[in-house]
Every structure is written in C-alpha cells, then in structure tokens.
Amino acid sequence: MSLKTMKKSTRSNLITFGIVIAFYLIVSLMSVMGMMTSSFAGQLVPICAYVVLAVSLNLTVGILGELSLGHAGFMSVGAFAGTLVYTLTFENTPLPVSILLSFLVGGAVAGIFGLLIGIPVLRLQGDYLAIVTLAFGEIIKNFMNALYLGYDSTGVHFSLKDSASMGLAPDGVVLINGAMGITGIKKASTFTMGIILILLTLVVILNLVNSRAGRAITAIRDNEIAAQSVGINITNYKLMAFIVSAVFAGMAGVLYALNFSSLVAKKFDYNTSILILVFVVLGGMGNIRGSVIAAALLTVLPELLRSMKDYRMLIYAIVLIVMMIFNQSPQIVSWRKKITAGFKAKRAAKKEKKEAA
Amino acid sequence: MALLEVSNLGIAFGGLQAVAQLDLSVEKGHLYGLIGPNGAGKTTVFNMLTGVYKPTEGNIVLDGKDITGKSPELISKAGIARTFQNIRLFSDMTVLDNVKVGMHNQVTYNMWTGILRLPAYKEKEHEMNREAKKLLEIFDLDGEANLKASQLPYGKQRKLEIARALATNPKLLLLDEPAAGMNPNETEELMQTVRSVRDQFGIAILLIEHDMNFVMGICEEITVLDYGRVIARGDGMTIRNNPKVIAAYLGGDD
C-alpha cells in the first residue's frame, strides 16, 4: 500500500508516529554531538510525560467530549503507586523488571481510580462534571499530602497525622512521609523510556479511536440521544474512555516521578490539571497530533525563553494567544484552508500535465 | 400475532396527559402513518416506543417480547430503530462512520481486538464497510461517504439518518417527519425510497408526517391523534373524509 492509497486516518496516524520518532532521533543526535544544554536535557522526560498526559486527556475531553479538570489526580495516584513499587523492588529485582512493574502498577491503580471516580462522575454533564473532577483532583492532592505510610517487621502502618503516630518499630522504614512525600528515589526515567511510553500511548489511543469502540465514544460526544438510539451503552463507553485516559495519566505520573529524587503531592495540583487542559485545547480538541506538538512546545518554551528574564511569562502568554488564534479563529482557519487547497490544486494540475504528456 | 402490539399506552407529564389509551398494531412489511395537528403527541408516542420516555400506563410488545419502559439501548437491540424530527446525526463523523456506528450491535468485536489490531479487526471492518456502502448506495449517498455528516445538504442528512437507522437491522423503523423541509421532487423521491426500503428489507415502517400527499401516498393504514388520543384510523380515503379529522385540522364545533 503506498502512502497515497492509504486510508486518510491511517496516513495521519503514521505522520504522528513519524514526528515522535524524528524528535527522538534529532534529540539523540544532538546529545551525541554535545549540542545539548543541561537545562534542555533536564526537560526531556517531563516533555514526554506531558505529551502522554495531553494525549490521554484528549481522549476524555476531545474524543468523549467531557471536560475533566482532575487529570493531575490520576497522574498523582499513578506516580505514588508506581514509585512505591519501584522503591520497594529496585534493590532485589533486575532494574528493567522493577521499572516495568512500577509502570504497570501505576497505570493499574490510576485505572482503578478512574473506574471509582467515573461511575458517579459520568452521570453528570458539562460544568457539573468539570467541577466534580476538579474536586477529585484536590482531594487526592490533600490526601496524599497528609498520608504517612511505613512498614516494619509487624506489617504496614499508616497515619494521616504525622509519622510518629504510625507507631513504627525502631526497625521500621518510612515510605511516604506526608507533605515530604517519597524521598531518596534513585532516578530511573530516561528519554528513551519516555518516547516508548509516548508511542505506546499513541498506538493504544489512536487504534482505540479508529475502532468500533472509538466510534461509539465519538458518537456519544456528537449526539448522546442518537447514540443510545442505535443501541450504544452510553455508561460503558464513557467509562472505557475515562479509564483508558486515567491509566495513561498514571503511567505518565510514574515516568515523571522516577525522573526526580523526591516525589511530593503538591506537584499534582489544580494548576497541573489546567496546564494539561491548555495543551489539549491548544492542540485542538480531538486532535491527537495537536496534543503531542502543543505539549512538547509549551513545556520547552519557558526554558527557551529563560534568556528573556522578566519578559518570559509575558512572551509565553503571547505565544498562547497567537497559537489559539492560529488554531481556532474561523478567519485564520479558512485562510489556512485556502492556502493548502491552493497547494493541492497546483499539485493536481502538475500531475495532470504529466499524465497528458 | 402482530409485530408490534401497543395497548392502552399513556404518559402523563405532571398533570398533563400527553398521550392516553393508545392502541396500535403493526404488521410486518406494512407502512403505517401517524398524523395529527401540532402538539397531538405523535413524537411522544415515538419517544415511548423507543424508550426515551417511560410510559405511565400500558404495554408495548415487540415480536412477543414486552419492551415497555426498557432503555433506548435495549429497545434498539430488540429491533426498533428511529430517526428524529430535528436531525440528530453524528455531525463531526464521516457519512460512512455514521452508518458504521449504526452497525454497532450488528458487526461486533471487542475493545482489545481494536487496540491490538487482531486479524478479526480487519475482517470485521471490511464487512462493516461493505455493508455500510450498500446502505449508502440505496440512499444515493455513496459519493459522499467520506464527507462529514454536517457537510451534507439538509435533504441528504435526512436520508443519512434513515440509512443509519437501517444499519441497526431493525424489525420496525420509525420515521419522524422524514419529508420535513424537502421540496416536492425530493419528497417524491423519498416516497419511492421508503417504499423500496420496506420491500427490500421486509420491515414494518411507522412514520409521522405533515405532508399529506406523502402520508396518503404510501401508508396503508393511518392513525390520527389529537390531544393525545386516537380520533380516527383507516386508509387514506377513510381518514380524508372523517369529520373528526377535518375538525381537528381545520377547527370546527365538536
């Protein structure tokens, strides 16, 4: 099958994969040639995590059409669950196994939370759903902020007050230390791991979207009553989208957490949820490739603008506005369409000439 | 036994009795009309038949199975499909995908087959595409298969809704004002399509329509509703000359 005869969606997906792989090759080349600044190198894993978060949130917001403001909450539970598994296993298991296990557990725990939150939340619609997901994110943050967890020879102890009230024996080990979170994590995340996670996310979500289940999810977004009338189980498919979205947010959380030596709950607050939502909106609702590009650009941008010093956030905001207009303004969109149509017409004319000759 | 048996069906919204004591019997392979002045309760009947509203009294039996008050999803699976008065397409999806969504419970494979692109995926998708294209051909929409549904002109959107409803492989098709907003030529064409759909699929069709030429032209039996109650029933000739019907439409002393 040549690139031209392929289904439009397949071709579009391949371009998305191509962009990710090209990004990986360019960055690898830059680091081999020593062109990488340390601040940029430090951004690579967070970029990957944010791309995964944006793509997964797009499934809920863009494809299912439900506004969720608690994505950082799923990231948080995934990060804590995964990091716990990692800190407990990395000494006595081979490193790849330990890492793989922590990703699986992080994703699974976030998925379970997705199910538990999704059952009540998905009965709501629009603004109400948004507010409840927002509240969920805050509850998770505050709970993790207050959680003390440890173990000793007698078993696992936890408390929501302070580490002393866990009543650990002298040989006990504190795992989560309240607002201090998990400390002394041996950094494990790599850029390659991040890219693999992005590719995995893209394969699963793009394949899901272009399948029977994905069509059902999109149909629910476009018209819930009509979707019911053709026999689609609304609750099940909403939950499916919500859970898949949560699983990848959890895995992104693990990737993010294992990139630093300590993990605190405060990181996964309302601002982070909104930031991910901004990536999705900027990239275009339902546009997976847009999410990838927007998340990567907007994560790097503040670093690139470091030399601007005081004007940094100002320029960041202007870029946001310009991007939004470029993507969403009807005039600009029609102007862009005209230009691409012009290109296409030229190409077609050329082809015709060739065939005539 | 008739395909659809509706007996003593009624629904009240608070103090308002929107439909009362409705009896209806639908046979396989026949065309029925449901008419009445605005606000007579026609669409409310459709909404009860398809599970959008739960009736407050009465029974709906399809093919021997009681479906009264079941969810729209289960009723679709049981074999009733419908179109909507104000068109409800999946507007951001392609014309082809709209029909494929209609086949949701006809050609099935699970989530993992889709995600992992197992061999069954390709096979089932091919089957869906083939069947969907057949349906689009019937409605002369095959040329627009890859357009977004919202890009279609109004008349074709109505046709696409019928195609999507047929994709659910129904025993009974409910059409809510299929000819609304169509010009006489389009209406004429639609009449032929509806007839040929009935013949080709052997299903029963019940339609609401204000265009009397359309209703009289194709329906074998017409039920007239006024203020939620049946005031007349019979073939076109009988209805046309029924004084109650004339009074309901044109006003009069009763």
# chains A, B, ... in the order shown; residues from 1 in each chain; ligands from 1
$ residues_around --residues "segment 4-7 of chain B" --least-positions-apart "5" --cutoff "10 Å" --atoms "only C-alpha atoms" --output "ChimeraX atom specification"
/B:21-28,49,57-66,68,80,171-172,204
$ residues_around --residues "Arg198 of chain B" --least-positions-apart "2" --cutoff "10 Å" --atoms "only C-alpha atoms" --output "list in words"
Lys28, Gly29, His30, Leu31, Leu172, Leu173, Gln192, Thr193, Val194, Arg195, Ser196, Gln200, Phe201, Gly202, Ile203, Ala204 and Ile205 of chain B
$ write_last_selection --atoms "C-alpha atoms" --output "JSON list (two decimals), in the first residue's frame"
[["chain", "number", "residue", "atom", "x", "y", "z"],
["B", 28, "LYS", "CA", -44.52, -6.99, 9.34],
["B", 29, "GLY", "CA", -43.93, -5.48, 5.90],
["B", 30, "HIS", "CA", -46.55, -2.76, 6.13],
["B", 31, "LEU", "CA", -46.42, 1.01, 6.09],
["B", 172, "LEU", "CA", -39.64, -1.80, 12.86],
["B", 173, "LEU", "CA", -38.48, 1.56, 11.58],
["B", 192, "GLN", "CA", -40.07, 5.76, -3.58],
["B", 193, "THR", "CA", -37.04, 5.15, -1.37],
["B", 194, "VAL", "CA", -39.20, 4.44, 1.68],
["B", 195, "ARG", "CA", -41.32, 2.02, -0.31],
["B", 196, "SER", "CA", -38.32, 0.21, -1.73],
["B", 200, "GLN", "CA", -36.18, -4.80, 0.19],
["B", 201, "PHE", "CA", -35.81, -5.26, 3.95],
["B", 202, "GLY", "CA", -39.29, -6.61, 4.60],
["B", 203, "ILE", "CA", -39.64, -4.48, 7.70],
["B", 204, "ALA", "CA", -42.55, -2.53, 9.10],
["B", 205, "ILE", "CA", -42.40, 1.27, 8.92]]
$ select_by_dssp --residues "segment 166-355 of chain A" --states "strand (DSSP E)" --output "MDAnalysis selection string"
chainID A and resid 173:177
$ write_last_selection --atoms "N, CA and C atoms" --output "short mmCIF file (atom, residue, chain, number, x, y, z; two decimals), in the first residue's frame"
data_model
loop_
_atom_site.label_atom_id
_atom_site.label_comp_id
_atom_site.auth_asym_id
_atom_site.auth_seq_id
_atom_site.Cartn_x
_atom_site.Cartn_y
_atom_site.Cartn_z
N VAL A 173 10.59 1.35 58.35
CA VAL A 173 11.01 2.23 57.25
C VAL A 173 9.82 3.11 56.86
N VAL A 174 10.05 4.41 56.77
CA VAL A 174 9.00 5.32 56.32
C VAL A 174 9.00 5.34 54.80
N LEU A 175 7.84 5.06 54.20
CA LEU A 175 7.77 5.05 52.73
C LEU A 175 7.29 6.40 52.22
N ILE A 176 6.12 6.83 52.73
CA ILE A 176 5.61 8.14 52.33
C ILE A 176 5.58 9.00 53.58
N ASN A 177 6.23 10.15 53.50
CA ASN A 177 6.39 10.96 54.69
C ASN A 177 5.56 12.24 54.57
#
$ residues_around --residues "segment 35-39 of chain B" --least-positions-apart "4" --cutoff "12 Å" --atoms "only C-alpha atoms" --output "PyMOL selection string"
chain B and resi 17-19+43-45+175-177+206-212+214-216+219+221-234+236+239-240+244-251
$ interface_residues --of "chain B" --to "chain A" --cutoff "8 Å" --atoms "only C-alpha atoms" --output "compact mmCIF listing (two decimals) with N, CA and C atoms, in the first residue's frame"
# COMPACT_ATOMS: atom_id res chain seq x y z
N THR B 50 -39.46 4.04 21.75
CA THR B 50 -38.01 3.84 21.70
C THR B 50 -37.35 3.99 23.05
N PRO B 72 -33.44 2.91 25.79
CA PRO B 72 -33.30 3.04 24.32
C PRO B 72 -32.32 2.02 23.76
N GLU B 73 -31.25 1.77 24.52
CA GLU B 73 -30.23 0.83 24.06
C GLU B 73 -30.84 -0.57 23.86
N LEU B 74 -31.59 -1.04 24.87
CA LEU B 74 -32.18 -2.38 24.79
C LEU B 74 -33.26 -2.45 23.71
N ILE B 75 -34.00 -1.36 23.57
CA ILE B 75 -35.06 -1.36 22.56
C ILE B 75 -34.45 -1.38 21.16
N SER B 76 -33.33 -0.69 20.99
CA SER B 76 -32.63 -0.77 19.70
C SER B 76 -32.21 -2.20 19.42
N LYS B 77 -31.68 -2.86 20.46
CA LYS B 77 -31.25 -4.25 20.28
C LYS B 77 -32.44 -5.15 20.00
N ALA B 81 -35.80 0.91 15.34
CA ALA B 81 -34.87 1.98 15.01
C ALA B 81 -35.67 3.22 14.67
N ARG B 82 -35.05 4.36 14.79
CA ARG B 82 -35.82 5.58 14.55
C ARG B 82 -34.96 6.69 13.92
N ARG B 88 -30.62 14.29 14.18
CA ARG B 88 -29.55 14.02 15.15
C ARG B 88 -28.51 13.11 14.54
N LEU B 89 -27.61 13.69 13.77
CA LEU B 89 -26.53 12.90 13.20
C LEU B 89 -25.30 13.06 14.07
N PHE B 90 -24.30 12.22 13.84
CA PHE B 90 -23.01 12.41 14.50
C PHE B 90 -22.24 13.36 13.59
N SER B 91 -22.41 14.65 13.82
CA SER B 91 -22.09 15.63 12.80
C SER B 91 -20.60 15.75 12.48
N ASP B 92 -19.72 15.44 13.45
CA ASP B 92 -18.29 15.55 13.17
C ASP B 92 -17.70 14.26 12.64
N MET B 93 -18.55 13.23 12.49
CA MET B 93 -18.04 11.98 11.94
C MET B 93 -18.40 11.92 10.46
N ASP B 97 -18.91 6.62 8.63
CA ASP B 97 -18.82 6.27 10.06
C ASP B 97 -20.16 6.37 10.75
N VAL B 101 -21.52 3.35 12.90
CA VAL B 101 -21.98 3.42 14.29
C VAL B 101 -23.34 2.73 14.41
N GLY B 102 -24.16 2.90 13.36
CA GLY B 102 -25.45 2.22 13.36
C GLY B 102 -25.32 0.71 13.45
N MET B 103 -24.20 0.18 12.93
CA MET B 103 -23.99 -1.28 12.95
C MET B 103 -23.37 -1.77 14.25
N HIS B 104 -23.31 -0.88 15.23
CA HIS B 104 -22.61 -1.19 16.48
C HIS B 104 -22.92 -2.58 17.03
N ASN B 105 -24.19 -2.96 17.00
CA ASN B 105 -24.55 -4.26 17.57
C ASN B 105 -24.74 -5.34 16.51
N THR B 108 -19.73 -7.02 15.50
CA THR B 108 -19.09 -6.67 16.77
C THR B 108 -17.71 -7.30 16.91
N TYR B 109 -16.85 -6.56 17.61
CA TYR B 109 -15.59 -7.13 18.10
C TYR B 109 -15.24 -6.31 19.32
N ASN B 110 -14.43 -6.86 20.21
CA ASN B 110 -14.23 -6.16 21.47
C ASN B 110 -13.11 -5.13 21.40
N MET B 111 -12.97 -4.38 22.49
CA MET B 111 -12.01 -3.28 22.56
C MET B 111 -10.59 -3.73 22.21
N GLY B 114 -9.69 -4.20 18.66
CA GLY B 114 -9.45 -2.92 18.02
C GLY B 114 -8.08 -2.35 18.36
N ILE B 115 -7.74 -2.37 19.66
CA ILE B 115 -6.49 -1.75 20.10
C ILE B 115 -5.29 -2.53 19.55
N LEU B 116 -5.37 -3.86 19.63
CA LEU B 116 -4.22 -4.68 19.21
C LEU B 116 -4.28 -5.01 17.72
N ARG B 117 -5.32 -4.52 17.04
CA ARG B 117 -5.48 -4.79 15.61
C ARG B 117 -5.33 -6.27 15.29
N ALA B 165 -30.35 4.34 10.74
CA ALA B 165 -31.36 3.56 11.46
C ALA B 165 -31.44 2.15 10.89
N THR B 168 -29.00 -0.65 11.97
CA THR B 168 -29.19 -1.41 13.20
C THR B 168 -30.00 -2.69 12.97
$ atom_distance --atom1 "atom CA of Arg312 of chain A" --atom2 "atom CA of Leu277 of chain A"
21.1 Å
$ closest_residue --among "A:Met166, A:Val244, A:Met324, A:Ile139" --to "Gly290 of chain A" --atoms "only C-alpha atoms"
A:Met324
$ closest_residue --among "B:Tyr32, B:Tyr53, B:Phe13, B:Trp112" --to "Gly217 of chain B" --atoms "only C-alpha atoms"
B:Tyr32
$ residues_around --residues "segment 254-266 of chain A" --least-positions-apart "5" --cutoff "7 Å" --atoms "only C-alpha atoms" --output "PyMOL selection string"
chain A and resi 45-46+49+76+78-79+82-83+103+106+141+144-145+179-189+194
$ write_last_selection --atoms "C-alpha atoms" --output "PDB file, in the first residue's frame"
ATOM      1  CA  VAL A  45      11.482  13.362  30.449  1.00  0.00           C
ATOM      2  CA  PRO A  46       8.915  15.952  31.612  1.00  0.00           C
ATOM      3  CA  ALA A  49       5.268  12.853  30.482  1.00  0.00           C
ATOM      4  CA  SER A  76      -0.673  11.612  41.248  1.00  0.00           C
ATOM      5  CA  GLY A  78      -0.165   6.590  39.438  1.00  0.00           C
ATOM      6  CA  ALA A  79       3.052   8.348  40.446  1.00  0.00           C
ATOM      7  CA  GLY A  82       4.443   3.275  40.820  1.00  0.00           C
ATOM      8  CA  THR A  83       7.169   4.916  42.868  1.00  0.00           C
ATOM      9  CA  PHE A 103       4.636   1.395  35.352  1.00  0.00           C
ATOM     10  CA  GLY A 106       0.962   2.894  38.477  1.00  0.00           C
ATOM     11  CA  LYS A 141      -3.678  16.094  46.447  1.00  0.00           C
ATOM     12  CA  MET A 144      -1.522  12.323  49.583  1.00  0.00           C
ATOM     13  CA  ASN A 145      -0.164  15.423  51.259  1.00  0.00           C
ATOM     14  CA  ALA A 179       3.996  16.543  52.701  1.00  0.00           C
ATOM     15  CA  MET A 180       7.624  15.500  52.151  1.00  0.00           C
ATOM     16  CA  GLY A 181       6.307  12.646  50.042  1.00  0.00           C
ATOM     17  CA  ILE A 182       8.658   9.923  48.894  1.00  0.00           C
ATOM     18  CA  THR A 183      12.330  10.841  49.140  1.00  0.00           C
ATOM     19  CA  GLY A 184      15.577   9.271  48.056  1.00  0.00           C
ATOM     20  CA  ILE A 185      14.234   7.877  44.798  1.00  0.00           C
ATOM     21  CA  LYS A 186      17.012   6.516  42.635  1.00  0.00           C
ATOM     22  CA  LYS A 187      16.416   8.314  39.340  1.00  0.00           C
ATOM     23  CA  ALA A 188      15.377   5.801  36.686  1.00  0.00           C
ATOM     24  CA  SER A 189      13.434   7.558  33.947  1.00  0.00           C
ATOM     25  CA  GLY A 194       9.556   8.427  27.716  1.00  0.00           C
TER      26      GLY A 194
END
$ select_by_dssp --residues "segment 156-303 of chain A" --states "alpha helix (DSSP H)" --output "number ranges by chain"
A: 191-209, 212-222, 224-229, 234-257, 270-283, 288-303
